[in-house]
$ cat entry-v9.cif   # mmCIF, C-alpha atoms
data_target
loop_
_atom_site.group_PDB
_atom_site.id
_atom_site.type_symbol
_atom_site.label_atom_id
_atom_site.label_comp_id
_atom_site.auth_asym_id
_atom_site.auth_seq_id
_atom_site.Cartn_x
_atom_site.Cartn_y
_atom_site.Cartn_z
ATOM 1 C CA MET A 601 -33.078 8.926 -44.281
ATOM 2 C CA ALA A 602 -30.145 6.763 -45.292
ATOM 3 C CA GLN A 603 -29.028 4.291 -42.648
ATOM 4 C CA THR A 604 -25.373 4.429 -41.698
ATOM 5 C CA ARG A 605 -23.716 1.044 -41.683
ATOM 6 C CA TYR A 606 -20.504 0.124 -39.951
ATOM 7 C CA SER A 607 -18.271 -2.867 -40.515
ATOM 8 C CA ALA A 608 -17.441 -5.177 -37.629
ATOM 9 C CA ARG A 609 -13.877 -3.821 -37.656
ATOM 10 C CA ALA A 610 -15.078 -0.207 -37.452
ATOM 11 C CA LEU A 611 -17.427 -1.039 -34.577
ATOM 12 C CA ALA A 612 -14.594 -2.811 -32.749
ATOM 13 C CA LYS A 613 -12.363 0.234 -33.163
ATOM 14 C CA ARG A 614 -15.063 2.551 -31.827
ATOM 15 C CA GLY A 615 -15.592 0.265 -28.855
ATOM 16 C CA ALA A 616 -11.860 0.191 -28.111
ATOM 17 C CA ARG A 617 -11.710 3.994 -28.202
ATOM 18 C CA ARG A 618 -14.638 4.271 -25.779
ATOM 19 C CA GLU A 619 -13.040 1.734 -23.440
ATOM 20 C CA HIS A 620 -9.741 3.609 -23.531
ATOM 21 C CA ARG A 621 -11.456 6.898 -22.668
ATOM 22 C CA TRP A 622 -13.338 5.226 -19.837
ATOM 23 C CA MET A 623 -10.186 3.655 -18.399
ATOM 24 C CA THR A 624 -8.090 6.832 -18.492
ATOM 25 C CA THR A 625 -7.766 8.550 -15.094
ATOM 26 C CA SER A 626 -6.053 11.650 -13.851
ATOM 27 C CA ALA A 627 -3.979 9.696 -11.330
ATOM 28 C CA ALA A 628 -0.435 11.049 -11.075
ATOM 29 C CA PRO A 629 2.662 8.916 -10.305
ATOM 30 C CA LEU A 630 2.899 8.001 -6.633
ATOM 31 C CA GLY A 631 6.631 7.915 -5.901
ATOM 32 C CA GLY A 632 9.721 10.016 -6.234
ATOM 33 C CA GLN A 633 9.776 12.030 -3.053
ATOM 34 C CA ILE A 634 10.061 11.806 0.733
ATOM 35 C CA LEU A 635 6.685 11.901 2.497
ATOM 36 C CA LYS A 636 7.325 13.881 5.679
ATOM 37 C CA GLY A 637 5.100 14.022 8.726
ATOM 38 C CA ARG A 638 5.436 15.071 12.341
ATOM 39 C CA PHE A 639 6.366 11.617 13.634
ATOM 40 C CA VAL A 640 7.748 9.753 10.612
ATOM 41 C CA ALA A 641 9.326 10.378 7.233
ATOM 42 C CA LEU A 642 8.800 7.880 4.439
ATOM 43 C CA GLU A 643 11.981 7.700 2.389
ATOM 44 C CA PRO A 644 12.067 6.019 -1.034
ATOM 45 C CA LEU A 645 13.770 2.650 -0.759
ATOM 46 C CA GLY A 646 17.432 2.848 -1.739
ATOM 47 C CA ALA A 647 21.045 2.218 -0.880
ATOM 48 C CA GLY A 648 20.953 4.991 1.726
ATOM 49 C CA ASN A 649 18.528 3.154 3.999
ATOM 50 C CA ARG A 650 19.316 -0.492 3.194
ATOM 51 C CA ALA A 651 21.692 -1.062 6.121
ATOM 52 C CA ALA A 652 19.278 0.548 8.576
ATOM 53 C CA LEU A 653 16.404 -1.630 7.343
ATOM 54 C CA LEU A 654 18.511 -4.767 7.730
ATOM 55 C CA ALA A 655 19.421 -3.697 11.246
ATOM 56 C CA ALA A 656 15.764 -3.087 12.170
ATOM 57 C CA PHE A 657 14.626 -6.523 10.937
ATOM 58 C CA GLU A 658 12.961 -8.784 13.516
ATOM 59 C CA PRO A 659 11.920 -12.248 12.246
ATOM 60 C CA ASP A 660 8.819 -12.613 14.432
ATOM 61 C CA VAL A 661 7.318 -9.454 12.908
ATOM 62 C CA PHE A 662 6.954 -11.406 9.648
ATOM 63 C CA THR A 663 4.774 -14.180 11.112
ATOM 64 C CA TYR A 664 1.795 -13.390 8.870
ATOM 65 C CA MET A 665 3.620 -11.871 5.927
ATOM 66 C CA PRO A 666 4.055 -13.822 2.659
ATOM 67 C CA PHE A 667 7.850 -13.745 2.769
ATOM 68 C CA ASP A 668 10.416 -16.415 3.527
ATOM 69 C CA VAL A 669 12.794 -14.814 6.033
ATOM 70 C CA ALA A 670 14.666 -17.998 6.913
ATOM 71 C CA GLN A 671 17.732 -16.460 5.238
ATOM 72 C CA GLY A 672 17.125 -13.052 6.825
ATOM 73 C CA TYR A 673 15.635 -9.896 5.379
ATOM 74 C CA ALA A 674 18.236 -9.208 2.675
ATOM 75 C CA PRO A 675 16.605 -11.439 -0.010
ATOM 76 C CA VAL A 676 13.227 -9.834 0.647
ATOM 77 C CA LEU A 677 14.758 -6.378 0.429
ATOM 78 C CA ASP A 678 16.462 -7.326 -2.842
ATOM 79 C CA TRP A 679 13.089 -8.447 -4.243
ATOM 80 C CA HIS A 680 11.519 -5.145 -3.226
ATOM 81 C CA ALA A 681 14.310 -3.275 -4.985
ATOM 82 C CA GLN A 682 13.698 -5.288 -8.167
ATOM 83 C CA GLU A 683 9.945 -4.671 -8.037
ATOM 84 C CA ASN A 684 10.543 -0.954 -7.526
ATOM 85 C CA ALA A 685 12.990 -0.813 -10.440
ATOM 86 C CA ALA A 686 10.381 -2.508 -12.649
ATOM 87 C CA GLY A 687 7.715 0.017 -11.624
ATOM 88 C CA ARG A 688 5.490 -2.574 -9.980
ATOM 89 C CA MET A 689 5.972 -1.219 -6.450
ATOM 90 C CA VAL A 690 6.861 2.030 -4.709
ATOM 91 C CA SER A 691 8.532 1.204 -1.391
ATOM 92 C CA TYR A 692 9.657 3.315 1.525
ATOM 93 C CA ALA A 693 11.800 3.034 4.610
ATOM 94 C CA VAL A 694 9.950 4.412 7.633
ATOM 95 C CA ARG A 695 12.198 6.739 9.609
ATOM 96 C CA ARG A 696 11.085 7.896 13.071
ATOM 97 C CA CYS A 697 11.576 11.641 13.403
ATOM 98 C CA SER A 698 12.187 11.706 17.162
ATOM 99 C CA ASP A 699 15.503 9.829 16.965
ATOM 100 C CA GLY A 700 16.154 9.315 13.237
ATOM 101 C CA ALA A 701 15.893 5.527 13.513
ATOM 102 C CA VAL A 702 14.584 3.460 10.609
ATOM 103 C CA VAL A 703 11.848 1.314 12.170
ATOM 104 C CA GLY A 704 10.246 -0.493 9.227
ATOM 105 C CA SER A 705 9.045 -0.374 5.678
ATOM 106 C CA THR A 706 5.818 0.089 3.713
ATOM 107 C CA SER A 707 4.880 0.067 0.033
ATOM 108 C CA TYR A 708 2.430 0.819 -2.693
ATOM 109 C CA LEU A 709 1.781 -2.311 -4.749
ATOM 110 C CA ALA A 710 -0.829 -3.771 -7.131
ATOM 111 C CA ILE A 711 -0.594 -0.439 -8.935
ATOM 112 C CA ALA A 712 -3.354 -0.040 -11.537
ATOM 113 C CA ALA A 713 -3.205 3.570 -12.696
ATOM 114 C CA GLU A 714 -5.719 2.926 -15.482
ATOM 115 C CA HIS A 715 -8.311 2.213 -12.793
ATOM 116 C CA GLY A 716 -7.051 4.730 -10.218
ATOM 117 C CA ARG A 717 -6.464 1.798 -7.849
ATOM 118 C CA VAL A 718 -3.498 0.908 -5.631
ATOM 119 C CA GLU A 719 -2.765 -1.245 -2.598
ATOM 120 C CA ILE A 720 -0.858 -0.223 0.517
ATOM 121 C CA GLY A 721 0.938 -3.189 2.007
ATOM 122 C CA SER A 722 4.146 -5.121 2.549
ATOM 123 C CA THR A 723 4.236 -3.146 5.788
ATOM 124 C CA TRP A 724 6.208 -4.056 8.873
ATOM 125 C CA TYR A 725 7.505 -2.254 11.954
ATOM 126 C CA ALA A 726 9.986 -3.214 14.653
ATOM 127 C CA ARG A 727 8.181 -4.143 17.864
ATOM 128 C CA ALA A 728 9.351 -1.001 19.663
ATOM 129 C CA ALA A 729 7.690 1.153 17.000
ATOM 130 C CA GLN A 730 4.283 -0.533 17.199
ATOM 131 C CA GLY A 731 1.273 0.806 19.065
ATOM 132 C CA GLY A 732 2.102 4.514 18.786
ATOM 133 C CA ALA A 733 1.987 7.218 16.137
ATOM 134 C CA VAL A 734 4.226 5.491 13.580
ATOM 135 C CA ASN A 735 1.659 3.347 11.781
ATOM 136 C CA PRO A 736 -1.265 5.799 11.741
ATOM 137 C CA GLU A 737 0.899 8.617 10.420
ATOM 138 C CA ALA A 738 2.586 6.398 7.835
ATOM 139 C CA LYS A 739 -0.860 5.337 6.592
ATOM 140 C CA TYR A 740 -1.984 8.973 6.653
ATOM 141 C CA LEU A 741 0.955 10.055 4.502
ATOM 142 C CA LEU A 742 0.449 7.256 1.985
ATOM 143 C CA LEU A 743 -3.300 7.801 1.749
ATOM 144 C CA ALA A 744 -2.965 11.571 1.412
ATOM 145 C CA ASN A 745 -0.328 11.169 -1.279
ATOM 146 C CA ALA A 746 -2.550 8.811 -3.285
ATOM 147 C CA PHE A 747 -5.821 10.723 -2.997
ATOM 148 C CA ASP A 748 -4.173 14.116 -3.522
ATOM 149 C CA LYS A 749 -2.748 12.735 -6.770
ATOM 150 C CA GLY A 750 -6.137 11.672 -8.069
ATOM 151 C CA TRP A 751 -6.239 7.968 -7.200
ATOM 152 C CA ASN A 752 -9.746 6.696 -6.498
ATOM 153 C CA ARG A 753 -9.287 3.539 -4.445
ATOM 154 C CA VAL A 754 -6.703 2.406 -1.914
ATOM 155 C CA GLU A 755 -6.944 -1.201 -0.823
ATOM 156 C CA PHE A 756 -5.359 -3.375 1.835
ATOM 157 C CA LYS A 757 -5.208 -7.138 2.324
ATOM 158 C CA THR A 758 -4.160 -9.175 5.308
ATOM 159 C CA ASP A 759 -4.025 -12.766 6.494
ATOM 160 C CA SER A 760 -7.356 -13.724 8.069
ATOM 161 C CA LYS A 761 -5.340 -15.089 11.021
ATOM 162 C CA ASN A 762 -3.775 -11.690 11.695
ATOM 163 C CA ALA A 763 -6.262 -10.255 14.175
ATOM 164 C CA ARG A 764 -3.986 -7.339 15.045
ATOM 165 C CA SER A 765 -3.760 -6.202 11.424
ATOM 166 C CA ARG A 766 -7.505 -6.578 10.843
ATOM 167 C CA ALA A 767 -8.253 -4.509 13.947
ATOM 168 C CA ALA A 768 -5.781 -1.812 12.862
ATOM 169 C CA LEU A 769 -7.380 -1.527 9.409
ATOM 170 C CA ALA A 770 -10.848 -1.273 10.907
ATOM 171 C CA LYS A 771 -9.603 1.410 13.316
ATOM 172 C CA LEU A 772 -8.064 3.233 10.368
ATOM 173 C CA GLY A 773 -11.544 3.607 8.890
ATOM 174 C CA ALA A 774 -11.150 1.155 6.005
ATOM 175 C CA THR A 775 -14.179 -0.884 4.957
ATOM 176 C CA GLU A 776 -13.877 -4.655 5.202
ATOM 177 C CA GLU A 777 -15.022 -6.058 1.866
ATOM 178 C CA GLY A 778 -14.686 -9.797 2.230
ATOM 179 C CA THR A 779 -12.349 -12.776 2.268
ATOM 180 C CA LEU A 780 -10.656 -14.472 -0.667
ATOM 181 C CA ARG A 781 -10.405 -18.071 0.510
ATOM 182 C CA GLY A 782 -7.249 -20.028 -0.248
ATOM 183 C CA HIS A 783 -5.966 -16.848 -1.851
ATOM 184 C CA MET A 784 -2.229 -17.408 -1.754
ATOM 185 C CA TRP A 785 0.374 -19.916 -0.665
ATOM 186 C CA VAL A 786 2.655 -18.527 2.023
ATOM 187 C CA PRO A 787 6.087 -19.768 3.175
ATOM 188 C CA GLN A 788 4.609 -20.570 6.587
ATOM 189 C CA GLY A 789 3.143 -23.651 4.874
ATOM 190 C CA TYR A 790 -0.540 -23.007 4.202
ATOM 191 C CA PHE A 791 -2.934 -21.439 1.718
ATOM 192 C CA ARG A 792 -3.758 -18.079 3.204
ATOM 193 C CA ASP A 793 -7.255 -16.611 3.310
ATOM 194 C CA SER A 794 -6.830 -12.901 2.538
ATOM 195 C CA VAL A 795 -9.206 -10.313 3.984
ATOM 196 C CA TYR A 796 -9.611 -7.215 1.820
ATOM 197 C CA PHE A 797 -10.282 -3.684 3.040
ATOM 198 C CA SER A 798 -10.524 -0.437 1.088
ATOM 199 C CA ILE A 799 -10.956 3.315 1.242
ATOM 200 C CA VAL A 800 -12.320 5.193 -1.771
ATOM 201 C CA ALA A 801 -11.830 8.857 -2.581
ATOM 202 C CA SER A 802 -15.295 9.928 -1.403
ATOM 203 C CA GLU A 803 -14.520 8.481 2.057
ATOM 204 C CA TRP A 804 -11.104 10.079 2.389
ATOM 205 C CA PRO A 805 -12.197 13.382 4.027
ATOM 206 C CA ALA A 806 -13.838 11.519 6.924
ATOM 207 C CA VAL A 807 -10.954 9.046 7.260
ATOM 208 C CA LYS A 808 -8.467 11.915 7.122
ATOM 209 C CA ALA A 809 -10.225 13.806 9.932
ATOM 210 C CA ARG A 810 -10.314 10.638 12.022
ATOM 211 C CA LEU A 811 -6.611 10.005 11.541
ATOM 212 C CA GLU A 812 -5.703 13.606 12.339
ATOM 213 C CA GLU A 813 -7.665 13.335 15.570
ATOM 214 C CA ARG A 814 -5.817 10.143 16.488
ATOM 215 C CA MET A 815 -2.417 11.646 15.771
ATOM 216 C CA ALA A 816 -3.201 14.787 17.768
ATOM 217 C CA ALA A 817 -3.278 12.609 20.873
ATOM 218 C CA PHE A 818 0.461 11.961 20.433
ATOM 219 C CA TRP A 819 1.478 15.636 20.133
#
$ encode --input "entry-v9.cif" --output "C-alpha cells"
Amino acid sequence: MAQTRYSARALAKRGARREHRWMTTSAAPLGGQILKGRFVALEPLGAGNRAALLAAFEPDVFTYMPFDVAQGYAPVLDWHAQENAAGRMVSYAVRRCSDGAVVGSTSYLAIAAEHGRVEIGSTWYARAAQGGAVNPEAKYLLLANAFDKGWNRVEFKTDSKNARSRAALAKLGATEEGTLRGHMWVPQGYFRDSVYFSIVASEWPAVKARLEERMAAFW
C-alpha cells in the first residue's frame, strides 16, 4: 500500500482546521435585551440610565473595586460605555422593580465566546440595596442568560480582602478555584490578590434550584 505523505504546510493547515473546529462553540451573543425578574430588571447600559447610576453612586461601595473614584463615578461609567461599544463588555443598570430606582450596575466581561467562557463582575450596589433579593436575582438573571445561550463557564473574581464578596459567591454556589497572587494593581495602592470562582454548565441546574429557593423567601 502506498504511503500518503504530507508537507509540513499541509499538516499545519490540517492542524489549524482541527483547532478551529474544537474552539467553535454554540454560544450566542449575551447582550441586547432587558433581563427582567421579579425583584430587579437589568437594563443595558445607556444614556437612559446614566443619570440614575450617577445619582446612586456611593464612594465607599468601591473600596475593593479596581476603579479610581476620586473624581466620582462619571469617568468609570464613561470607561464602561467605551468597553461596551468595543464589544469587550456587556453592562447593565440594575433597576429595583418595587420602586423603579436604579441601585447599581453589573457586567459581563472577559468575554471569550470561542471557549464558551465569560466573567460576571464590575458589580456594585448602593448600601440600601444590599443584603436582600437584588444581588441573588441579578446573578440569577445573568447566569440563566449565559447558560441558556450555550455558554459553558461563568467565572467571578474578587479581592482576597473582600470577605463579604467571597462569602456571597460561596453562598451563590460558585466553586472557589484558587488565588492569583499579586494579580493586579489597584488604585487603592497595592497589588491585589484575586480569588477566582466559577460555575460550569453541568452545575447550573443545582445552582439554579438553590437560587430559586433563596429568592422564594423574599416573595
$ atom_distance --input "entry-v9.cif" --atom1 "CA of Arg753 in chain A" --atom2 "CA of Arg717 in chain A"
4.8 Å
$ resolve_selection --input "entry-v9.cif" --expression "the PyMOL selection byres ((chain A and resi 787) around 8)" --output "list in words"
Pro666, Phe667, Asp668, Trp785, Val786, Gln788, Gly789 and Tyr790 of chain A
$ resolve_selection --input "entry-v9.cif" --expression "the PyMOL selection byres ((chain A and resi 701) around 10)" --output "ChimeraX atom specification"
/A:640,652-653,656,694-700,702-704,729
$ atom_distance --input "entry-v9.cif" --atom1 "CA of Gly731 in chain A" --atom2 "CA of Phe818 in chain A"
11.3 Å
$ residues_around --input "entry-v9.cif" --residues "Ser794 in chain A" --least-positions-apart "2" --cutoff "8 Å" --atoms "only C-alpha atoms" --output "number ranges by chain"
A: 757-760, 779-784, 792, 796
$ closest_residue --input "entry-v9.cif" --among "A:Val795, A:Leu645, A:Val661, A:Ala817" --to "Arg727 in chain A" --atoms "all atoms listed in the file"
A:Val661
$ closest_atom_pairs --input "entry-v9.cif" --of "range 652-760 of chain A" --to "range 625-631 of chain A" --cutoff "8 Å" --atoms "all atoms listed in the file" --output "CSV"
residue,atom,partner,partner_atom,distance
A:Val690,CA,A:Gly631,CA,6.0
A:Ala713,CA,A:Ala627,CA,6.3
A:Glu714,CA,A:Thr625,CA,6.0
A:His715,CA,A:Thr625,CA,6.8
A:Gly716,CA,A:Ala627,CA,5.9
A:Asn745,CA,A:Leu630,CA,7.0
A:Ala746,CA,A:Leu630,CA,6.4
A:Lys749,CA,A:Ala628,CA,5.2
A:Gly750,CA,A:Ala627,CA,4.4
A:Trp751,CA,A:Ala627,CA,5.0
$ closest_residue --input "entry-v9.cif" --among "A:Ala647, A:Ala655, A:Ala686, A:Ala816" --to "Ala733 in chain A" --atoms "all atoms listed in the file"
A:Ala816
$ closest_residue --input "entry-v9.cif" --among "A:Phe662, A:Ala681, A:Leu709, A:Trp819" --to "Gly732 in chain A" --atoms "only C-alpha atoms"
A:Trp819
$ resolve_selection --input "entry-v9.cif" --expression "the PyMOL selection byres ((chain A and resi 762-775) around 6)" --output "list in words"
Asp759, Ser760, Lys761, Glu776, Phe797, Ser798, Ile799 and Val807 of chain A
$ residues_around --input "entry-v9.cif" --residues "Thr723 in chain A" --least-positions-apart "4" --cutoff "9 Å" --atoms "all atoms listed in the file" --output "list in words"
Met665, Gly704, Ser705, Thr706 and Ser707 of chain A
$ write_last_selection --input "entry-v9.cif" --atoms "C-alpha atoms" --output "PDB file, in the frame of the given file"
ATOM      1  CA  MET A 665       3.620 -11.871   5.927  1.00  0.00           C
ATOM      2  CA  GLY A 704      10.246  -0.493   9.227  1.00  0.00           C
ATOM      3  CA  SER A 705       9.045  -0.374   5.678  1.00  0.00           C
ATOM      4  CA  THR A 706       5.818   0.089   3.713  1.00  0.00           C
ATOM      5  CA  SER A 707       4.880   0.067   0.033  1.00  0.00           C
TER       6      SER A 707
END
$ atom_distance --input "entry-v9.cif" --atom1 "CA of Trp679 in chain A" --atom2 "CA of Ala641 in chain A"
22.4 Å
$ closest_residue --input "entry-v9.cif" --among "A:Val734, A:Leu742, A:Leu677, A:Asn752" --to "Ala651 in chain A" --atoms "all atoms listed in the file"
A:Leu677
$ closest_residue --input "entry-v9.cif" --among "A:Pro805, A:Tyr673, A:Pro644, A:Phe657" --to "Ala685 in chain A" --atoms "all atoms listed in the file"
A:Pro644
$ closest_residue --input "entry-v9.cif" --among "A:Glu643, A:Glu803, A:Glu658, A:Glu755" --to "Ser691 in chain A" --atoms "only C-alpha atoms"
A:Glu643
$ build_atoms --input "entry-v9.cif" --residues "range 780-803 of chain A" --atoms "N, CA and C atoms" --output "PDB file, keeping the file's coordinate frame"
ATOM      1  N   LEU A 780     -10.987 -13.599   0.452  1.00  0.00           N
ATOM      2  CA  LEU A 780     -10.656 -14.472  -0.667  1.00  0.00           C
ATOM      3  C   LEU A 780     -10.065 -15.753  -0.070  1.00  0.00           C
ATOM      4  N   ARG A 781     -10.815 -16.828  -0.132  1.00  0.00           N
ATOM      5  CA  ARG A 781     -10.405 -18.071   0.510  1.00  0.00           C
ATOM      6  C   ARG A 781      -9.310 -18.768  -0.299  1.00  0.00           C
ATOM      7  N   GLY A 782      -8.355 -19.341   0.411  1.00  0.00           N
ATOM      8  CA  GLY A 782      -7.249 -20.028  -0.248  1.00  0.00           C
ATOM      9  C   GLY A 782      -6.554 -19.142  -1.255  1.00  0.00           C
ATOM     10  N   HIS A 783      -6.383 -17.877  -0.902  1.00  0.00           N
ATOM     11  CA  HIS A 783      -5.966 -16.848  -1.851  1.00  0.00           C
ATOM     12  C   HIS A 783      -4.524 -16.980  -2.306  1.00  0.00           C
ATOM     13  N   MET A 784      -3.646 -17.358  -1.390  1.00  0.00           N
ATOM     14  CA  MET A 784      -2.229 -17.408  -1.754  1.00  0.00           C
ATOM     15  C   MET A 784      -1.476 -18.369  -0.843  1.00  0.00           C
ATOM     16  N   TRP A 785      -0.510 -19.043  -1.441  1.00  0.00           N
ATOM     17  CA  TRP A 785       0.374 -19.916  -0.665  1.00  0.00           C
ATOM     18  C   TRP A 785       1.434 -19.073   0.008  1.00  0.00           C
ATOM     19  N   VAL A 786       1.659 -19.295   1.286  1.00  0.00           N
ATOM     20  CA  VAL A 786       2.655 -18.527   2.023  1.00  0.00           C
ATOM     21  C   VAL A 786       3.743 -19.454   2.545  1.00  0.00           C
ATOM     22  N   PRO A 787       4.960 -18.927   2.740  1.00  0.00           N
ATOM     23  CA  PRO A 787       6.087 -19.768   3.175  1.00  0.00           C
ATOM     24  C   PRO A 787       5.860 -20.440   4.523  1.00  0.00           C
ATOM     25  N   GLN A 788       4.905 -19.942   5.297  1.00  0.00           N
ATOM     26  CA  GLN A 788       4.609 -20.570   6.587  1.00  0.00           C
ATOM     27  C   GLN A 788       3.972 -21.948   6.411  1.00  0.00           C
ATOM     28  N   GLY A 789       3.588 -22.293   5.154  1.00  0.00           N
ATOM     29  CA  GLY A 789       3.143 -23.651   4.874  1.00  0.00           C
ATOM     30  C   GLY A 789       1.650 -23.854   4.757  1.00  0.00           C
ATOM     31  N   TYR A 790       0.905 -22.830   4.376  1.00  0.00           N
ATOM     32  CA  TYR A 790      -0.540 -23.007   4.202  1.00  0.00           C
ATOM     33  C   TYR A 790      -1.058 -22.038   3.142  1.00  0.00           C
ATOM     34  N   PHE A 791      -2.256 -22.351   2.622  1.00  0.00           N
ATOM     35  CA  PHE A 791      -2.934 -21.439   1.718  1.00  0.00           C
ATOM     36  C   PHE A 791      -3.650 -20.382   2.562  1.00  0.00           C
ATOM     37  N   ARG A 792      -3.238 -19.177   2.393  1.00  0.00           N
ATOM     38  CA  ARG A 792      -3.758 -18.079   3.204  1.00  0.00           C
ATOM     39  C   ARG A 792      -5.104 -17.592   2.698  1.00  0.00           C
ATOM     40  N   ASP A 793      -6.040 -17.360   3.613  1.00  0.00           N
ATOM     41  CA  ASP A 793      -7.255 -16.611   3.310  1.00  0.00           C
ATOM     42  C   ASP A 793      -6.919 -15.136   3.495  1.00  0.00           C
ATOM     43  N   SER A 794      -7.153 -14.325   2.468  1.00  0.00           N
ATOM     44  CA  SER A 794      -6.830 -12.901   2.538  1.00  0.00           C
ATOM     45  C   SER A 794      -8.097 -12.064   2.720  1.00  0.00           C
ATOM     46  N   VAL A 795      -8.082 -11.217   3.724  1.00  0.00           N
ATOM     47  CA  VAL A 795      -9.206 -10.313   3.984  1.00  0.00           C
ATOM     48  C   VAL A 795      -8.891  -8.969   3.344  1.00  0.00           C
ATOM     49  N   TYR A 796      -9.797  -8.480   2.523  1.00  0.00           N
ATOM     50  CA  TYR A 796      -9.611  -7.215   1.820  1.00  0.00           C
ATOM     51  C   TYR A 796     -10.360  -6.083   2.508  1.00  0.00           C
ATOM     52  N   PHE A 797      -9.706  -4.934   2.549  1.00  0.00           N
ATOM     53  CA  PHE A 797     -10.282  -3.684   3.040  1.00  0.00           C
ATOM     54  C   PHE A 797     -10.028  -2.611   1.979  1.00  0.00           C
ATOM     55  N   SER A 798     -10.795  -1.539   2.023  1.00  0.00           N
ATOM     56  CA  SER A 798     -10.524  -0.437   1.088  1.00  0.00           C
ATOM     57  C   SER A 798     -11.034   0.887   1.635  1.00  0.00           C
ATOM     58  N   ILE A 799     -10.476   1.947   1.055  1.00  0.00           N
ATOM     59  CA  ILE A 799     -10.956   3.315   1.242  1.00  0.00           C
ATOM     60  C   ILE A 799     -11.048   3.916  -0.153  1.00  0.00           C
ATOM     61  N   VAL A 800     -12.173   4.542  -0.470  1.00  0.00           N
ATOM     62  CA  VAL A 800     -12.320   5.193  -1.771  1.00  0.00           C
ATOM     63  C   VAL A 800     -12.298   6.707  -1.568  1.00  0.00           C
ATOM     64  N   ALA A 801     -12.086   7.417  -2.653  1.00  0.00           N
ATOM     65  CA  ALA A 801     -11.830   8.857  -2.581  1.00  0.00           C
ATOM     66  C   ALA A 801     -12.935   9.614  -1.847  1.00  0.00           C
ATOM     67  N   SER A 802     -14.187   9.222  -2.047  1.00  0.00           N
ATOM     68  CA  SER A 802     -15.295   9.928  -1.403  1.00  0.00           C
ATOM     69  C   SER A 802     -15.279   9.773   0.118  1.00  0.00           C
ATOM     70  N   GLU A 803     -14.601   8.724   0.611  1.00  0.00           N
ATOM     71  CA  GLU A 803     -14.520   8.481   2.057  1.00  0.00           C
ATOM     72  C   GLU A 803     -13.304   9.141   2.694  1.00  0.00           C
TER      73      GLU A 803
END
